[in-house]
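Have a look at structure06.cif below; it lists mmCIF, C-alpha atoms.
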```cif
data_query
loop_
_atom_site.group_PDB
_atom_site.id
_atom_site.type_symbol
_atom_site.label_atom_id
_atom_site.label_comp_id
_atom_site.auth_asym_id
_atom_site.auth_seq_id
_atom_site.Cartn_x
_atom_site.Cartn_y
_atom_site.Cartn_z
ATOM 1 C CA MET U 15 20.235 -0.756 1.954
ATOM 2 C CA ALA U 16 16.947 -2.475 2.730
ATOM 3 C CA THR U 17 13.783 -1.336 1.027
ATOM 4 C CA GLU U 18 11.135 0.205 3.245
ATOM 5 C CA PRO U 19 8.043 -1.804 4.108
ATOM 6 C CA ILE U 20 5.036 -0.937 1.952
ATOM 7 C CA THR U 21 1.383 -0.974 3.012
ATOM 8 C CA LEU U 22 -1.571 0.027 0.843
ATOM 9 C CA PHE U 23 -4.507 1.870 2.420
ATOM 10 C CA SER U 24 -7.809 2.641 0.725
ATOM 11 C CA ARG U 25 -11.277 3.901 1.494
ATOM 12 C CA GLU U 26 -13.098 0.870 0.077
ATOM 13 C CA PRO U 27 -12.391 -2.706 1.123
ATOM 14 C CA ASP U 28 -12.162 -4.968 -1.927
ATOM 15 C CA PRO U 29 -10.281 -8.194 -1.174
ATOM 16 C CA SER U 30 -12.180 -10.036 -3.943
ATOM 17 C CA GLY U 31 -11.269 -7.436 -6.559
ATOM 18 C CA VAL U 32 -7.615 -7.556 -5.515
ATOM 19 C CA ALA U 33 -7.637 -11.374 -5.707
ATOM 20 C CA ARG U 34 -9.096 -11.248 -9.232
ATOM 21 C CA LEU U 35 -6.513 -8.692 -10.351
ATOM 22 C CA LEU U 36 -3.604 -10.577 -8.822
ATOM 23 C CA ARG U 37 -4.726 -13.844 -10.426
ATOM 24 C CA THR U 38 -4.416 -12.155 -13.838
ATOM 25 C CA LEU U 39 -0.781 -11.482 -12.887
ATOM 26 C CA GLY U 40 -0.150 -15.126 -12.018
ATOM 27 C CA ALA U 41 -0.595 -14.881 -8.252
ATOM 28 C CA VAL U 42 -1.272 -17.885 -6.083
ATOM 29 C CA ILE U 43 -4.022 -16.901 -3.629
ATOM 30 C CA GLU U 44 -4.332 -18.549 -0.210
ATOM 31 C CA GLY U 45 -7.918 -18.584 0.999
ATOM 32 C CA PRO U 46 -11.265 -17.606 -0.512
ATOM 33 C CA ASP U 47 -11.381 -14.479 -2.680
ATOM 34 C CA ASP U 48 -13.325 -12.456 -0.103
ATOM 35 C CA ASP U 49 -11.017 -13.378 2.808
ATOM 36 C CA TRP U 50 -7.649 -14.494 1.435
ATOM 37 C CA THR U 51 -4.547 -14.206 3.615
ATOM 38 C CA ARG U 52 -1.635 -14.237 1.149
ATOM 39 C CA ALA U 53 -1.239 -13.675 -2.554
ATOM 40 C CA THR U 54 2.155 -14.586 -3.980
ATOM 41 C CA VAL U 55 3.441 -13.299 -7.312
ATOM 42 C CA VAL U 56 6.754 -14.574 -8.664
ATOM 43 C CA THR U 57 8.447 -12.554 -11.387
ATOM 44 C CA GLY U 58 11.621 -13.032 -13.391
ATOM 45 C CA ASN U 59 13.074 -16.184 -14.870
ATOM 46 C CA SER U 60 14.321 -19.375 -13.252
ATOM 47 C CA GLY U 61 17.790 -17.937 -12.651
ATOM 48 C CA ASN U 62 16.582 -14.631 -11.250
ATOM 49 C CA THR U 63 13.168 -14.893 -9.608
ATOM 50 C CA ARG U 64 11.682 -12.249 -7.369
ATOM 51 C CA THR U 65 8.779 -12.706 -5.008
ATOM 52 C CA LEU U 66 6.081 -10.236 -4.029
ATOM 53 C CA ILE U 67 3.556 -11.248 -1.390
ATOM 54 C CA PHE U 68 0.445 -9.262 -0.581
ATOM 55 C CA THR U 69 -0.951 -9.929 2.873
ATOM 56 C CA HIS U 70 -4.569 -9.448 3.859
ATOM 57 C CA ASP U 71 -5.940 -9.674 7.399
ATOM 58 C CA ARG U 72 -9.541 -8.598 7.881
ATOM 59 C CA LYS U 73 -8.929 -8.319 11.652
ATOM 60 C CA TYR U 74 -6.348 -5.590 11.038
ATOM 61 C CA TYR U 75 -8.897 -3.234 9.457
ATOM 62 C CA SER U 76 -11.915 -4.279 11.529
ATOM 63 C CA GLN U 77 -13.204 -3.351 14.956
ATOM 64 C CA PRO U 78 -11.834 -3.147 17.565
ATOM 65 C CA ASN U 79 -8.329 -2.816 16.030
ATOM 66 C CA TRP U 80 -8.856 -0.347 13.186
ATOM 67 C CA PRO U 81 -9.492 2.853 15.165
ATOM 68 C CA GLY U 82 -6.218 2.295 17.016
ATOM 69 C CA GLN U 83 -4.362 1.715 13.745
ATOM 70 C CA LEU U 84 -5.736 4.975 12.354
ATOM 71 C CA ARG U 85 -4.850 6.893 15.530
ATOM 72 C CA GLY U 86 -1.306 5.559 15.285
ATOM 73 C CA MET U 87 -1.043 6.567 11.643
ATOM 74 C CA HIS U 88 -2.427 10.033 12.424
ATOM 75 C CA GLY U 89 0.064 10.447 15.267
ATOM 76 C CA TYR U 90 2.900 9.314 13.021
ATOM 77 C CA PHE U 91 2.141 11.825 10.264
ATOM 78 C CA SER U 92 1.432 14.556 12.830
ATOM 79 C CA ARG U 93 5.174 14.539 13.561
ATOM 80 C CA PHE U 94 6.041 15.338 9.924
ATOM 81 C CA PRO U 95 6.906 18.984 9.145
ATOM 82 C CA ASP U 96 4.051 21.471 8.843
ATOM 83 C CA VAL U 97 3.975 21.899 5.075
ATOM 84 C CA PRO U 98 1.237 22.184 2.460
ATOM 85 C CA GLY U 99 -0.429 18.810 2.105
ATOM 86 C CA LYS U 100 0.050 17.697 5.692
ATOM 87 C CA GLU U 101 -3.466 18.715 6.739
ATOM 88 C CA ARG U 102 -4.849 16.897 3.717
ATOM 89 C CA VAL U 103 -3.004 13.710 4.748
ATOM 90 C CA LEU U 104 -4.312 14.027 8.306
ATOM 91 C CA ALA U 105 -7.860 14.516 6.975
ATOM 92 C CA LEU U 106 -7.505 11.486 4.688
ATOM 93 C CA ILE U 107 -6.476 9.059 7.419
ATOM 94 C CA PRO U 108 -9.860 8.753 9.208
ATOM 95 C CA THR U 109 -11.547 7.941 5.870
ATOM 96 C CA LEU U 110 -9.402 4.834 5.259
ATOM 97 C CA ARG U 111 -11.148 1.475 5.681
ATOM 98 C CA PHE U 112 -8.875 -1.162 4.113
ATOM 99 C CA ALA U 113 -5.231 -2.230 4.191
ATOM 100 C CA LEU U 114 -2.913 -4.659 2.437
ATOM 101 C CA GLY U 115 0.637 -5.422 3.467
ATOM 102 C CA THR U 116 3.511 -6.451 1.215
ATOM 103 C CA ILE U 117 6.568 -8.632 1.584
ATOM 104 C CA HIS U 118 9.252 -8.632 -1.086
ATOM 105 C CA ASP U 119 12.304 -10.805 -1.626
ATOM 106 C CA PRO U 120 14.843 -9.760 -2.657
ATOM 107 C CA ASP U 121 14.729 -6.010 -2.052
ATOM 108 C CA PHE U 122 13.571 -3.809 -4.920
ATOM 109 C CA ASP U 123 15.869 -2.197 -7.429
ATOM 110 C CA GLU U 124 15.011 0.889 -9.491
ATOM 111 C CA SER U 125 13.476 -0.963 -12.459
ATOM 112 C CA ASP U 126 11.797 -3.743 -10.490
ATOM 113 C CA GLU U 127 8.579 -4.978 -12.127
ATOM 114 C CA ARG U 128 7.131 -5.747 -8.695
ATOM 115 C CA LEU U 129 6.792 -2.000 -8.072
ATOM 116 C CA GLU U 130 4.488 -1.835 -11.097
ATOM 117 C CA ILE U 131 2.405 -4.671 -9.622
ATOM 118 C CA ILE U 132 2.050 -2.738 -6.353
ATOM 119 C CA SER U 133 1.063 0.328 -8.366
ATOM 120 C CA ARG U 134 -1.570 -1.623 -10.327
ATOM 121 C CA VAL U 135 -3.128 -2.933 -7.119
ATOM 122 C CA ALA U 136 -3.009 0.544 -5.536
ATOM 123 C CA LYS U 137 -4.654 2.102 -8.603
ATOM 124 C CA SER U 138 -7.388 -0.555 -8.599
ATOM 125 C CA LEU U 139 -8.199 0.429 -5.000
ATOM 126 C CA ASP U 140 -7.628 4.192 -5.412
ATOM 127 C CA ALA U 141 -5.198 3.603 -2.557
ATOM 128 C CA VAL U 142 -2.332 5.469 -0.967
ATOM 129 C CA VAL U 143 1.020 3.787 -0.393
ATOM 130 C CA PHE U 144 2.425 4.038 3.130
ATOM 131 C CA MET U 145 6.158 3.781 3.677
ATOM 132 C CA PRO U 146 7.853 4.934 6.894
ATOM 133 C CA SER U 147 9.485 7.809 4.993
ATOM 134 C CA SER U 148 6.366 8.999 3.174
ATOM 135 C CA LEU U 149 2.786 8.650 2.067
ATOM 136 C CA ARG U 150 2.608 8.214 -1.713
ATOM 137 C CA ASP U 151 0.009 8.080 -4.438
ATOM 138 C CA ALA U 152 -0.778 4.880 -6.332
ATOM 139 C CA SER U 153 2.027 5.633 -8.808
ATOM 140 C CA GLY U 154 4.622 6.135 -6.065
ATOM 141 C CA ARG U 155 4.756 9.951 -6.136
ATOM 142 C CA ILE U 156 5.154 11.576 -2.726
ATOM 143 C CA LEU U 157 2.053 13.139 -1.164
ATOM 144 C CA LEU U 158 3.941 13.906 2.059
ATOM 145 C CA GLY U 159 7.511 12.979 2.944
ATOM 146 C CA ALA U 160 9.216 12.859 6.329
ATOM 147 C CA GLY U 161 11.345 15.839 5.332
ATOM 148 C CA GLY U 162 8.328 17.866 4.219
ATOM 149 C CA GLU U 163 8.740 17.075 0.533
ATOM 150 C CA SER U 164 5.872 16.423 -1.852
ATOM 151 C CA ASP U 165 5.454 15.940 -5.572
ATOM 152 C CA PRO U 166 3.081 18.443 -7.189
ATOM 153 C CA ALA U 167 2.175 15.747 -9.763
ATOM 154 C CA ALA U 168 1.007 13.335 -7.041
ATOM 155 C CA VAL U 169 -2.636 12.293 -7.364
ATOM 156 C CA TRP U 170 -4.832 12.212 -4.272
ATOM 157 C CA PRO U 171 -7.500 9.514 -3.892
ATOM 158 C CA ASP U 172 -10.972 10.490 -5.035
ATOM 159 C CA PRO U 173 -13.029 12.116 -2.261
#
```
Go ahead and render the structure in this file as structure tokens.
Amino acid sequence: MATEPITLFSREPDPSGVARLLRTLGAVIEGPDDDWTRATVVTGNSGNTRTLIFTHDRKYYSQPNWPGQLRGMHGYFSRFPDVPGKERVLALIPTLRFALGTIHDPDFDESDERLEIISRVAKSLDAVVFMPSSLRDASGRILLGAGGESDPAAVWPDP
């Protein structure tokens, strides 16, 4: 089964900070720190390497595109079940101002070190992790799932 796509969303844009962090993890950054386009991290050994690519596109989270992206995200989560936490997710969405995409090859397994890299980047941004099935905290705990589930231990971004 294929792993869901993962996008990080945060309130504060910080492409330079992400580039600095990813460099400490061995990433190869394409472009200047404040406007890079791809950051590639390779994990594993020569017989079993795994790639994680972070994508950054300033146009995605800038005018005139960003308001439409946020409306789409709001509409998407509006269709989730009416459960505690849903209103908080819907209130969070308009405060988001930054996004990073990810590409991973091969798909993740349960103990994949690339998930920890995503978590480290998300924590550095105080970001939420969007997957089609859920919105998660920086550690991967569910804030709101498509079936109405949530993890009481999930940590919301700072207000």
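Run against this file, the PyMOL selection byres ((chain U and resi 129-140) around 6) gives back Asp126, Glu127, Arg128, Ala141, Ala152, Ser153 and Pro171 of chain U.
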Write to file, as a PDB file, in the coordinates of the input, the residues of the selection just made, with C-alpha atoms.
```
ATOM      1  CA  ASP U 126      11.797  -3.743 -10.490  1.00  0.00           C
ATOM      2  CA  GLU U 127       8.579  -4.978 -12.127  1.00  0.00           C
ATOM      3  CA  ARG U 128       7.131  -5.747  -8.695  1.00  0.00           C
ATOM      4  CA  ALA U 141      -5.198   3.603  -2.557  1.00  0.00           C
ATOM      5  CA  ALA U 152      -0.778   4.880  -6.332  1.00  0.00           C
ATOM      6  CA  SER U 153       2.027   5.633  -8.808  1.00  0.00           C
ATOM      7  CA  PRO U 171      -7.500   9.514  -3.892  1.00  0.00           C
TER       8      PRO U 171
END
```
- Message: I'd like to know which of U:Leu104, U:Leu114, U:Ala53, U:Met87 is closest to U:His70, using only C-alpha atoms.
- Response: U:Leu114
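When the distance limit is 9 Å and all atoms listed in the file are what count, the residues near U:His118, minus those fewer than 5 positions from it on the same chain, are Thr17, Pro19, Arg64, Thr65, Leu66, Ile67, Phe68 and Arg128 of chain U.
The two atoms in question, atom CA of U:Phe112 and atom CA of U:Thr21, are spaced 10.3 Å apart.
Using all atoms listed in the file, the nearest neighbour of U:Leu157 within the list U:Glu26, U:Asp49, U:Glu101, U:Asp121 is U:Glu101.
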- Task: State, in Å with one decimal place, the distance from atom CA of U:Arg34 to atom CA of U:Leu84.
- Result: 27.2 Å
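Our summary of the geometry notes that atom CA of U:Ser30 is positioned 27.7 Å from atom CA of U:His88.
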- Expected residue set, 8 Å radius at (2.0, -17.0, -2.1), all atoms listed in the file, as a list in words: Ala41, Val42, Ile43, Glu44, Arg52, Ala53, Thr54, Val55 and Ile67 of chain U
- Query: Taking into account all atoms listed in the file, which residue in the set U:Thr38, U:Ser148, U:Gly45, U:Arg155 is nearest to U:Thr69?
  - Reply: U:Gly45
Evaluate the PyMOL selection byres ((chain U and resi 71-75) around 10) on the structure here and hand back the selected residues as an mmCIF file with C-alpha atoms, in the coordinates of the input.
```
data_model
loop_
_atom_site.group_PDB
_atom_site.id
_atom_site.type_symbol
_atom_site.label_atom_id
_atom_site.label_comp_id
_atom_site.auth_asym_id
_atom_site.auth_seq_id
_atom_site.Cartn_x
_atom_site.Cartn_y
_atom_site.Cartn_z
ATOM 1 C CA PHE U 23 -4.507 1.870 2.420
ATOM 2 C CA PRO U 27 -12.391 -2.706 1.123
ATOM 3 C CA PRO U 29 -10.281 -8.194 -1.174
ATOM 4 C CA ASP U 48 -13.325 -12.456 -0.103
ATOM 5 C CA ASP U 49 -11.017 -13.378 2.808
ATOM 6 C CA TRP U 50 -7.649 -14.494 1.435
ATOM 7 C CA THR U 51 -4.547 -14.206 3.615
ATOM 8 C CA ARG U 52 -1.635 -14.237 1.149
ATOM 9 C CA THR U 69 -0.951 -9.929 2.873
ATOM 10 C CA HIS U 70 -4.569 -9.448 3.859
ATOM 11 C CA SER U 76 -11.915 -4.279 11.529
ATOM 12 C CA GLN U 77 -13.204 -3.351 14.956
ATOM 13 C CA PRO U 78 -11.834 -3.147 17.565
ATOM 14 C CA ASN U 79 -8.329 -2.816 16.030
ATOM 15 C CA TRP U 80 -8.856 -0.347 13.186
ATOM 16 C CA PRO U 81 -9.492 2.853 15.165
ATOM 17 C CA GLY U 82 -6.218 2.295 17.016
ATOM 18 C CA GLN U 83 -4.362 1.715 13.745
ATOM 19 C CA LEU U 84 -5.736 4.975 12.354
ATOM 20 C CA LEU U 110 -9.402 4.834 5.259
ATOM 21 C CA ARG U 111 -11.148 1.475 5.681
ATOM 22 C CA PHE U 112 -8.875 -1.162 4.113
ATOM 23 C CA ALA U 113 -5.231 -2.230 4.191
ATOM 24 C CA LEU U 114 -2.913 -4.659 2.437
ATOM 25 C CA GLY U 115 0.637 -5.422 3.467
#
```
- Task: Find the residues around U:Ser147 up to 10 Å (all atoms listed in the file counted), leave out those fewer than 2 positions away in its own chain, and share them as an MDAnalysis selection string.
- Result: chainID U and resid 18:19 91 94 144:145 149:150 156 158:161
- Query: At a cut-off of 9 Å from (-1.2, 13.6, -10.0) in the coordinates of the file, what residues are picked up using only C-alpha atoms, written as a VMD selection string?
  - Reply: chain U and resid 151 153 155 165 to 170
Enclose stretch 123-139 of chain U, meaning all of its atoms listed in the file, in a box aligned along x, y and z, pad it by 8 Å on each side, and list the centre and edge lengths in Å to one decimal, as JSON.
```
{"center_x": 3.8, "center_y": -1.8, "center_z": -8.7, "size_x": 40.1, "size_y": 23.8, "size_z": 23.5}
```
